[in-house]
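Enquirer: Next up, upload_2.tsv (TSV, C-alpha atoms and all ligand atoms).
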chain	number	residue	atom	x	y	z
A	268	MET	CA	-24.03	84.29	-26.59
A	269	LEU	CA	-24.80	87.85	-25.49
A	270	ILE	CA	-23.54	88.93	-22.11
A	271	ASN	CA	-24.96	92.05	-20.59
A	272	LEU	CA	-22.15	94.03	-19.01
A	273	SER	CA	-24.09	97.04	-17.73
A	274	ASP	CA	-23.97	95.77	-14.14
A	275	ALA	CA	-20.23	95.17	-14.35
A	276	PHE	CA	-19.66	98.59	-15.89
A	277	ASN	CA	-21.68	100.42	-13.27
A	278	THR	CA	-20.99	98.58	-10.03
A	279	SER	CA	-17.60	99.31	-8.56
A	280	GLY	CA	-15.79	96.20	-7.33
A	281	LYS	CA	-18.16	93.95	-9.26
A	282	SER	CA	-16.69	90.74	-10.54
A	283	MET	CA	-18.44	87.91	-12.31
A	284	GLU	CA	-17.60	84.66	-13.99
A	285	ILE	CA	-19.52	83.58	-17.02
A	286	ASN	CA	-19.46	80.06	-18.44
A	287	ILE	CA	-19.15	80.21	-22.18
A	288	HIS	CA	-20.09	77.35	-24.40
A	289	PRO	CA	-18.86	78.36	-27.87
A	290	GLU	CA	-21.30	77.70	-30.68
A	291	LEU	CA	-18.72	78.07	-33.41
A	292	THR	CA	-18.25	74.97	-35.56
A	293	SER	CA	-15.79	76.28	-38.09
A	294	TYR	CA	-13.53	79.20	-38.83
A	295	ASP	CA	-13.15	81.05	-42.09
A	296	GLY	CA	-10.42	83.65	-42.09
A	297	GLY	CA	-10.70	84.28	-45.80
A	298	LEU	CA	-8.43	81.39	-46.85
A	299	GLY	CA	-11.04	78.69	-46.81
A	300	GLU	CA	-13.06	77.07	-44.10
A	301	PHE	CA	-11.50	75.13	-41.25
A	302	LYS	CA	-13.69	72.72	-39.36
A	303	MET	CA	-13.47	72.98	-35.61
A	304	THR	CA	-12.66	69.61	-34.07
A	305	SER	CA	-12.66	70.53	-30.42
A	306	CYS	CA	-13.44	73.44	-28.21
A	307	GLU	CA	-13.68	73.46	-24.48
A	308	ASP	CA	-16.18	75.50	-22.58
A	309	PHE	CA	-14.41	78.31	-20.80
A	310	VAL	CA	-14.89	80.86	-18.09
A	311	LEU	CA	-14.85	84.52	-18.95
A	312	LYS	CA	-14.08	86.65	-15.95
A	313	VAL	CA	-15.46	90.18	-15.95
A	314	THR	CA	-14.07	92.59	-13.38
A	315	ASN	CA	-15.03	96.18	-12.81
A	316	LEU	CA	-11.98	98.46	-12.91
A	317	GLU	CA	-13.66	101.79	-12.37
A	318	LYS	CA	-17.01	103.24	-13.32
A	319	GLY	CA	-17.55	102.51	-16.99
A	320	LYS	CA	-14.56	100.22	-17.34
A	321	VAL	CA	-14.15	96.47	-17.05
A	322	ASN	CA	-11.48	93.91	-17.66
A	323	ILE	CA	-12.39	90.65	-19.35
A	324	SER	CA	-10.12	87.66	-19.15
A	325	GLY	CA	-10.17	83.97	-19.89
A	326	ASN	CA	-8.41	81.07	-21.54
A	327	VAL	CA	-9.76	78.84	-24.25
A	328	LYS	CA	-8.28	75.95	-26.20
A	329	LEU	CA	-9.52	75.22	-29.69
A	330	SER	CA	-8.59	72.73	-32.38
A	331	PHE	CA	-9.28	72.87	-36.08
A	332	GLU	CA	-8.79	70.48	-38.94
A	333	GLY	CA	-6.01	71.89	-41.06
A	334	GLN	CA	-3.61	70.93	-43.79
A	335	CYS	CA	0.16	71.37	-43.92
A	336	ASP	CA	0.98	74.26	-46.23
A	337	ARG	CA	3.95	72.39	-47.66
A	338	CYS	CA	3.03	68.69	-47.93
A	339	LEU	CA	-0.78	68.97	-47.66
A	340	LYS	CA	-0.90	66.33	-44.94
A	341	SER	CA	-3.83	66.74	-42.61
A	342	THR	CA	-2.50	68.73	-39.66
A	343	PRO	CA	-4.47	69.97	-36.67
A	344	VAL	CA	-4.36	73.65	-35.82
A	345	ASN	CA	-4.33	73.97	-32.04
A	346	LEU	CA	-4.90	77.36	-30.54
A	347	ASP	CA	-4.41	78.28	-26.93
A	348	ILE	CA	-6.03	81.64	-26.60
A	349	SER	CA	-5.60	84.05	-23.72
A	350	ILE	CA	-8.09	86.84	-23.49
A	351	ASP	CA	-7.19	89.88	-21.43
A	352	LYS	CA	-8.83	93.12	-22.44
A	353	ASN	CA	-10.03	96.32	-20.91
A	354	LEU	CA	-13.34	97.57	-22.19
A	355	ALA	CA	-15.01	100.92	-21.79
A	356	SER	CA	-18.76	101.20	-21.66
A	357	PRO	CA	-20.47	102.98	-24.57
A	358	ASP	CA	-21.09	106.09	-22.46
A	359	TYR	CA	-17.64	106.23	-20.91
A	360	GLU	CA	-16.14	109.67	-21.40
A	361	ALA	CA	-12.53	109.13	-22.31
A	362	GLY	CA	-9.87	111.12	-24.04
A	363	ASP	CA	-9.55	111.05	-27.81
A	364	GLU	CA	-6.94	108.33	-27.61
A	365	GLU	CA	-9.46	105.81	-26.34
A	366	GLU	CA	-11.83	105.80	-29.25
A	367	ASP	CA	-11.56	102.05	-29.45
A	368	LEU	CA	-14.40	100.38	-31.22
A	369	TYR	CA	-15.09	96.81	-30.25
A	370	ASP	CA	-16.87	94.94	-32.98
A	371	TYR	CA	-17.96	92.31	-30.44
A	372	MET	CA	-19.79	94.90	-28.36
A	373	ASP	CA	-23.31	95.94	-29.09
A	374	GLY	CA	-24.26	98.61	-26.63
A	375	TYR	CA	-23.77	97.02	-23.22
A	376	ASN	CA	-23.84	93.52	-24.61
A	377	LEU	CA	-20.74	91.52	-25.35
A	378	ASP	CA	-21.13	88.92	-28.07
A	379	SER	CA	-18.91	86.01	-26.99
A	380	GLU	CA	-18.97	84.43	-30.45
A	381	GLU	CA	-17.74	87.62	-32.10
A	382	LEU	CA	-15.09	88.00	-29.43
A	383	LEU	CA	-13.88	84.44	-30.01
A	384	GLN	CA	-13.92	84.87	-33.77
A	385	GLY	CA	-11.67	87.92	-33.46
A	386	GLU	CA	-9.30	86.11	-31.10
A	387	ILE	CA	-9.00	83.16	-33.49
A	388	THR	CA	-8.07	85.57	-36.30
A	389	VAL	CA	-5.37	87.19	-34.17
A	390	ASN	CA	-3.97	83.82	-33.05
A	391	TRP	CA	-4.22	81.98	-36.36
A	392	PRO	CA	-0.79	80.73	-37.52
A	393	VAL	CA	0.82	82.42	-40.51
A	394	LYS	CA	1.77	78.98	-41.79
A	395	ILE	CA	0.30	75.61	-40.93
A	396	LEU	CA	3.11	73.07	-40.86
A	397	CYS	CA	2.91	69.38	-39.96
A	398	ARG	CA	6.35	69.91	-38.43
A	399	GLU	CA	8.81	72.77	-38.32
A	400	ASP	CA	11.16	71.23	-40.91
A	401	CYS	CA	8.60	69.74	-43.29
A	402	LYS	CA	10.32	69.21	-46.62
A	403	GLY	CA	7.14	69.52	-48.65
A	404	LEU	CA	6.34	67.90	-51.96
A	405	CYS	CA	8.59	67.41	-54.97
A	406	PRO	CA	7.63	70.12	-57.48
A	407	VAL	CA	8.18	67.64	-60.32
A	408	CYS	CA	6.35	64.45	-59.29
A	409	GLY	CA	4.50	65.46	-56.13
A	410	HIS	CA	6.24	62.87	-53.96
A	411	ASP	CA	6.25	63.62	-50.24
A	412	LEU	CA	9.91	64.48	-49.63
A	413	ASN	CA	9.53	63.73	-45.90
A	414	GLU	CA	9.32	60.08	-46.89
A	415	GLY	CA	12.60	60.18	-48.77
A	416	ASP	CA	14.04	61.46	-52.00
A	417	CYS	CA	12.24	60.69	-55.26
A	418	GLY	CA	15.28	61.16	-57.48
A	419	CYS	CA	13.78	63.93	-59.59
A	420	ASP	CA	16.13	66.61	-60.86
A	421	THR	CA	14.90	69.68	-59.01
A	422	PHE	CA	18.25	71.42	-59.03
A	423	VAL	CA	17.84	75.12	-59.65
A	424	PRO	CA	21.26	76.66	-60.24
A	425	ASP	CA	22.12	79.71	-58.22
A	426	PRO	CA	22.63	82.52	-60.76
A	427	ARG	CA	26.01	83.39	-59.21
A	428	MET	CA	27.14	79.77	-59.49
A	429	ALA	CA	25.86	79.68	-63.06
A	430	ALA	CA	28.14	82.63	-63.90
A	431	ILE	CA	31.16	80.75	-62.53
A	432	PHE	CA	30.22	77.67	-64.53
A	433	ASP	CA	30.01	79.84	-67.67
A	434	LYS	CA	33.49	81.17	-66.99
A	435	LEU	CA	34.87	77.66	-66.54
A	436	GLU	CA	33.25	76.62	-69.78
A	437	SER	CA	34.82	79.51	-71.70
A	438	THR	CA	38.32	78.91	-70.31
A	439	LYS	CA	38.00	75.28	-71.36
A	440	GLU	CA	37.33	76.36	-74.94
A	441	VAL	CA	40.56	78.36	-75.21
B	501	ZN	ZN	4.14	68.95	-44.05
B	502	ZN	ZN	9.97	63.92	-57.63
Once more with this new file: its structure as structure tokens, please.
Expert:
Amino acid sequence: MLINLSDAFNTSGKSMEINIHPELTSYDGGLGEFKMTSCEDFVLKVTNLEKGKVNISGNVKLSFEGQCDRCLKSTPVNLDISIDKNLASPDYEAGDEEEDLYDYMDGYNLDSEELLQGEITVNWPVKILCREDCKGLCPVCGHDLNEGDCGCDTFVPDPRMAAIFDKLESTKEV
């Protein structure tokens, strides 16, 4: 959805609320596609700060179909996104330090889908886990270790411990 912000940029004290109905159905952050399972409509508030500057704010909750990175169990990714940004109009004369480029702005139009897409990327979890202490799968047989031990020998000796064992072995030989 394109929202024309020229009025908000140019009218001091102007404030408007826009109902956004996201059209996104999935998210692809480069690691595969995640299907969106729920997304509420939300209100984006646009407030004029000074001539050529606005603040946009809003809250949106989204859910995606994900998979635990450790045990591969289907795990929802729930995002609670807070938007709070100051935008300058394309013709706003600012200092060099404010050469911010907004990829969701096209002239005076804000593309709400692009904005949302960017916010999802920023808020996407580094790891998707079914629970904080998920034990994952046994590297030998693939058994879900959250459901109990499988009895496989997955012991990887610590190299420092291995050195001590070697020493014990050699003293035994003497
Ligand atoms: Zn898991
Ligand atoms: Zn196993």
Enquirer: For each of A:Thr314, A:Asn413, A:Ser305, A:Thr421, take the minimum atom-to-atom distance to Arg337 in chain A, counting all atoms listed in the file, then give the residue where this is smallest.
Expert: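 Comparing A:Thr314, A:Asn413, A:Ser305, A:Thr421 against Arg337 in chain A, the winner is A:Asn413.
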Enquirer: Could you pull out the residues sitting within 10 Å of ligand ZN 502 (chain B), using all atoms listed in the file, and write them as number ranges by chain?
Expert: A: 404-412, 415-421
Enquirer: May I ask you to write as a list in words all residues lying at most 7 Å from ligand ZN 501 (chain B), with only C-alpha atoms and all ligand atoms counted?
Expert: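 The residues within 7 Å of ligand ZN 501 (chain B), counting only C-alpha atoms and all ligand atoms, are Cys335, Asp336, Arg337, Cys338, Leu339, Lys340, Leu396, Cys397, Arg398, Cys401, Lys402 and Gly403 of chain A.
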Enquirer: Might you pull out every residue within 8 Å of Asn286 in chain A, with only C-alpha atoms counted and same-chain residues fewer than 3 positions away left off, and present them as a PyMOL selection string?
Expert: chain A and resi 308-311
Enquirer: For the atom pair CA of Leu346 in chain A and CA of Pro392 in chain A, what is the interatomic distance in Å to one decimal place?
Expert: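 A separation of 8.8 Å between them.
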Enquirer: I'd like the interatomic distance between CA of Leu354 in chain A and CA of Met372 in chain A, to a tenth of an Å.
Expert: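 Atom-to-atom, CA of Leu354 in chain A and CA of Met372 in chain A are spaced 9.3 Å apart.
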Enquirer: Could you please determine the separation between CA of Gly297 in chain A and CA of Gly374 in chain A in Å, to one decimal place?
Expert: 27.5 Å
Enquirer: Taking the point (-17.9, 75.0, -35.9) as given in the file, collect each protein or nucleic acid residue that comes within 8 Å of it, counting all atoms listed in the file, and present the set as a PyMOL selection string.
Expert: chain A and resi 290-294+302-304
Enquirer: Could the residues in this selection be saved with C-alpha atoms as a PDB file, keeping the file's coordinate frame?
Expert:
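Generated file (again31.pdb):
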ATOM      1  CA  GLU A 290     -21.300  77.700 -30.680  1.00  0.00           C
ATOM      2  CA  LEU A 291     -18.720  78.070 -33.410  1.00  0.00           C
ATOM      3  CA  THR A 292     -18.250  74.970 -35.560  1.00  0.00           C
ATOM      4  CA  SER A 293     -15.790  76.280 -38.090  1.00  0.00           C
ATOM      5  CA  TYR A 294     -13.530  79.200 -38.830  1.00  0.00           C
ATOM      6  CA  LYS A 302     -13.690  72.720 -39.360  1.00  0.00           C
ATOM      7  CA  MET A 303     -13.470  72.980 -35.610  1.00  0.00           C
ATOM      8  CA  THR A 304     -12.660  69.610 -34.070  1.00  0.00           C
TER       9      THR A 304
END
Enquirer: Point out the residue among A:Leu316, A:Thr342, A:Ile348, A:Glu307 with the least atom-to-atom distance to Thr388 in chain A, counting all atoms listed in the file.
Expert: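 Comparing A:Leu316, A:Thr342, A:Ile348, A:Glu307 against Thr388 in chain A, the winner is A:Ile348.
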Enquirer: Which residues come within 9 Å of Glu317 in chain A, counting only C-alpha atoms, excluding same-chain residues fewer than 6 positions away, as a list in words?
Expert: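 Contacts, in chain order: Phe276, Asn277, Thr278, Ser279 and Gly280 of chain A.
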Enquirer: I'd like to know which of A:Ser349, A:Pro343, A:Glu414, A:Pro289 is closest to Val389 in chain A, using only C-alpha atoms.
Expert: A:Ser349
Enquirer: Of the candidates A:Val313, A:Leu329, A:Val393, A:Ile287, which shows the shortest atom-to-atom distance to Asp351 in chain A, using only C-alpha atoms?
Expert: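 Smallest separation from Asp351 in chain A among the options: A:Val313.
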